[in-house]
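Novice: Supplied in structure tokens, the structure appears directly below.
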Amino acid sequence: MVVMFTRLHARREAGTPARARALFVALVAIISCCLRPHLARADSSSDADSAPAYSWTPWNPCPHCDLLVGAGTTYGFFKWTDGFVLPALLEIDDSRWELGAFRIATAQYLKEDPPFPASLRSANPEWGFTAMRRWQVLHRSWGKLYLGFGASYKTESDWLDASWNFAYLIGARFEVGSGSILELSVRHWSNAWFRAPNRGENLVVLTFGL
């Protein structure tokens with residue numbers, strides 16, 4: 001087991017292959033630009049027409065933008081991994097695009113003995129950053145459902161994955177009165193099995209905006 005971890009660590013330090021990076025960028029561009037327009041919409045046009053005139057606030061730093069903050073945790077296969085997450089998300093163009101910063105403030109432990117004992121620290125505290133395209137796939141009176149895809153970067157490589165990864169999102173959003181929004185999202189960052197390690201980073205976060 002120690003030999004396997006050492007080999008994985010050595011491969012991780014070698015850096016992401018140039019071919020994988022190029023494919024990564026190409027996939028993001030294709031999915032962001034080539035989908036049918038009615039699938040790429042975020043909020044409905046009627047919502048945009050009825051929106052009040054824009055005025056700057058810290059929660060709305062630009063027209064059709066929203067800032068969301070919150071808290072969350074990390075998980076593995078059917079077990080929490082003890083990572084405490086503090087997210088800050090900037091949504092642009094009526095939630096069509098998202099820029100995210102995530103502070104994972106505590107270490108993570110896989111707790112999958114075997115092969116990973118509960119004492120094995122799988123990731124140190126670190127920062128993560130994402131750039132994603134979001135698609136609204138459901139709009140009901142009680143809320144909205146979003147899917148997202150993009151890229152992520154972590155400040156450390158670890159037993160979960162390398163620094164550069166794909167980013168995936170599924171989120172349920174609810175209006176909680178007076179224009180406030182609450183979103184529960186499940187997020188996954190992984191390199192899609194391009195190279196080991198490839199277990200991925202899993203986050204569930206609850207964010208709030210005004």
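Ordering of the structure tokens sets the chain letters (A, B, ...); residue numbers start at 1 within each chain; ligands are numbered from 1 in the order shown.
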For range 90-158 of chain A against range 67-75 of chain A, with a cut-off of 10 Å and counting only C-alpha atoms, what is the closest atom pair and its distance in Å to one decimal for every residue that makes the cut, ordered by chain and number, as JSON lines?
Specialist:
```
{"residue": "A:Leu90", "atom": "CA", "partner": "A:Leu67", "partner_atom": "CA", "distance": 4.7}
{"residue": "A:Glu91", "atom": "CA", "partner": "A:Leu67", "partner_atom": "CA", "distance": 6.4}
{"residue": "A:Ile92", "atom": "CA", "partner": "A:Leu67", "partner_atom": "CA", "distance": 9.1}
{"residue": "A:Glu98", "atom": "CA", "partner": "A:Leu67", "partner_atom": "CA", "distance": 9.8}
{"residue": "A:Leu99", "atom": "CA", "partner": "A:Leu67", "partner_atom": "CA", "distance": 9.8}
{"residue": "A:Gly100", "atom": "CA", "partner": "A:Leu68", "partner_atom": "CA", "distance": 9.4}
{"residue": "A:Ala101", "atom": "CA", "partner": "A:Val69", "partner_atom": "CA", "distance": 9.8}
{"residue": "A:Phe102", "atom": "CA", "partner": "A:Ala71", "partner_atom": "CA", "distance": 9.4}
{"residue": "A:Arg103", "atom": "CA", "partner": "A:Ala71", "partner_atom": "CA", "distance": 9.6}
{"residue": "A:Ile104", "atom": "CA", "partner": "A:Thr73", "partner_atom": "CA", "distance": 8.3}
{"residue": "A:Ala105", "atom": "CA", "partner": "A:Thr73", "partner_atom": "CA", "distance": 9.7}
{"residue": "A:Thr106", "atom": "CA", "partner": "A:Thr73", "partner_atom": "CA", "distance": 9.6}
{"residue": "A:Ala107", "atom": "CA", "partner": "A:Thr74", "partner_atom": "CA", "distance": 10.0}
{"residue": "A:Gln108", "atom": "CA", "partner": "A:Thr74", "partner_atom": "CA", "distance": 7.7}
{"residue": "A:Tyr109", "atom": "CA", "partner": "A:Tyr75", "partner_atom": "CA", "distance": 9.1}
{"residue": "A:Leu110", "atom": "CA", "partner": "A:Tyr75", "partner_atom": "CA", "distance": 8.2}
```
Novice: Contacts of Glu183 in chain A at 10 Å or less, counting only C-alpha atoms, minus same-chain residues fewer than 3 places along, as a VMD selection string?
Specialist: chain A and resid 68 to 70 143 to 146 171 to 175 205 to 209
Novice: Take the selection from the previous step and output its residues with N, CA and C atoms, as a PDB file, in the first residue's frame.
Specialist:
```pdb
ATOM      1  N   LEU A  68     -23.209  35.009  -3.867  1.00  0.00           N
ATOM      2  CA  LEU A  68     -23.736  34.057  -2.894  1.00  0.00           C
ATOM      3  C   LEU A  68     -22.596  33.580  -1.996  1.00  0.00           C
ATOM      4  N   VAL A  69     -22.875  33.468  -0.711  1.00  0.00           N
ATOM      5  CA  VAL A  69     -21.918  32.934   0.253  1.00  0.00           C
ATOM      6  C   VAL A  69     -22.626  31.883   1.088  1.00  0.00           C
ATOM      7  N   GLY A  70     -21.849  31.033   1.744  1.00  0.00           N
ATOM      8  CA  GLY A  70     -22.489  29.997   2.533  1.00  0.00           C
ATOM      9  C   GLY A  70     -21.487  29.116   3.225  1.00  0.00           C
ATOM     10  N   GLY A 143     -39.203  26.681  -7.240  1.00  0.00           N
ATOM     11  CA  GLY A 143     -37.764  26.822  -7.377  1.00  0.00           C
ATOM     12  C   GLY A 143     -37.260  26.469  -8.754  1.00  0.00           C
ATOM     13  N   LYS A 144     -35.938  26.382  -8.889  1.00  0.00           N
ATOM     14  CA  LYS A 144     -35.280  26.111 -10.157  1.00  0.00           C
ATOM     15  C   LYS A 144     -34.202  25.053  -9.949  1.00  0.00           C
ATOM     16  N   LEU A 145     -33.932  24.294 -11.007  1.00  0.00           N
ATOM     17  CA  LEU A 145     -32.893  23.273 -10.975  1.00  0.00           C
ATOM     18  C   LEU A 145     -31.851  23.610 -12.024  1.00  0.00           C
ATOM     19  N   TYR A 146     -30.569  23.575 -11.635  1.00  0.00           N
ATOM     20  CA  TYR A 146     -29.466  23.920 -12.520  1.00  0.00           C
ATOM     21  C   TYR A 146     -28.499  22.750 -12.663  1.00  0.00           C
ATOM     22  N   GLY A 171     -27.689  21.830  -8.816  1.00  0.00           N
ATOM     23  CA  GLY A 171     -28.124  22.731  -7.757  1.00  0.00           C
ATOM     24  C   GLY A 171     -29.615  23.003  -7.801  1.00  0.00           C
ATOM     25  N   ALA A 172     -30.227  23.067  -6.638  1.00  0.00           N
ATOM     26  CA  ALA A 172     -31.645  23.420  -6.497  1.00  0.00           C
ATOM     27  C   ALA A 172     -31.725  24.779  -5.820  1.00  0.00           C
ATOM     28  N   ARG A 173     -32.452  25.706  -6.455  1.00  0.00           N
ATOM     29  CA  ARG A 173     -32.541  27.086  -5.962  1.00  0.00           C
ATOM     30  C   ARG A 173     -33.974  27.423  -5.566  1.00  0.00           C
ATOM     31  N   PHE A 174     -34.080  28.162  -4.462  1.00  0.00           N
ATOM     32  CA  PHE A 174     -35.386  28.539  -3.933  1.00  0.00           C
ATOM     33  C   PHE A 174     -35.376  30.025  -3.595  1.00  0.00           C
ATOM     34  N   GLU A 175     -36.499  30.696  -3.870  1.00  0.00           N
ATOM     35  CA  GLU A 175     -36.664  32.081  -3.444  1.00  0.00           C
ATOM     36  C   GLU A 175     -37.265  32.083  -2.050  1.00  0.00           C
ATOM     37  N   VAL A 205     -22.804  22.123  -0.652  1.00  0.00           N
ATOM     38  CA  VAL A 205     -22.762  23.462  -0.056  1.00  0.00           C
ATOM     39  C   VAL A 205     -24.148  24.095  -0.111  1.00  0.00           C
ATOM     40  N   LEU A 206     -24.422  24.916   0.884  1.00  0.00           N
ATOM     41  CA  LEU A 206     -25.648  25.705   0.958  1.00  0.00           C
ATOM     42  C   LEU A 206     -25.245  27.177   0.905  1.00  0.00           C
ATOM     43  N   THR A 207     -25.746  27.900  -0.096  1.00  0.00           N
ATOM     44  CA  THR A 207     -25.356  29.292  -0.293  1.00  0.00           C
ATOM     45  C   THR A 207     -26.595  30.192  -0.256  1.00  0.00           C
ATOM     46  N   PHE A 208     -26.339  31.464   0.083  1.00  0.00           N
ATOM     47  CA  PHE A 208     -27.407  32.444   0.269  1.00  0.00           C
ATOM     48  C   PHE A 208     -27.028  33.742  -0.419  1.00  0.00           C
ATOM     49  N   GLY A 209     -28.012  34.386  -1.045  1.00  0.00           N
ATOM     50  CA  GLY A 209     -27.782  35.685  -1.676  1.00  0.00           C
ATOM     51  C   GLY A 209     -28.992  36.577  -1.547  1.00  0.00           C
TER      52      GLY A 209
END
```
Novice: Mind checking which residues fall within 6 Å of Phe166 in chain A, counting only C-alpha atoms, ignoring those fewer than 3 positions away in the same chain, and posting them as a list in words?
Specialist: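 Within the cut-off, the hits are Gly150, Ala151, Ser152, Trp189, Ser190 and Asn191 of chain A.
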Novice: Grab the CA of Asp161 in chain A to CA of His188 in chain A distance for me, in Å with one decimal place.
Specialist: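 Interatomic distance here is 11.2 Å.
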Novice: Which of these residues is nearest to Leu203 in chain A, using only C-alpha atoms: A:Gly76, A:Pro117, A:Gly179, A:Pro125?
Specialist: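 The closest residue to Leu203 in chain A is A:Gly76.
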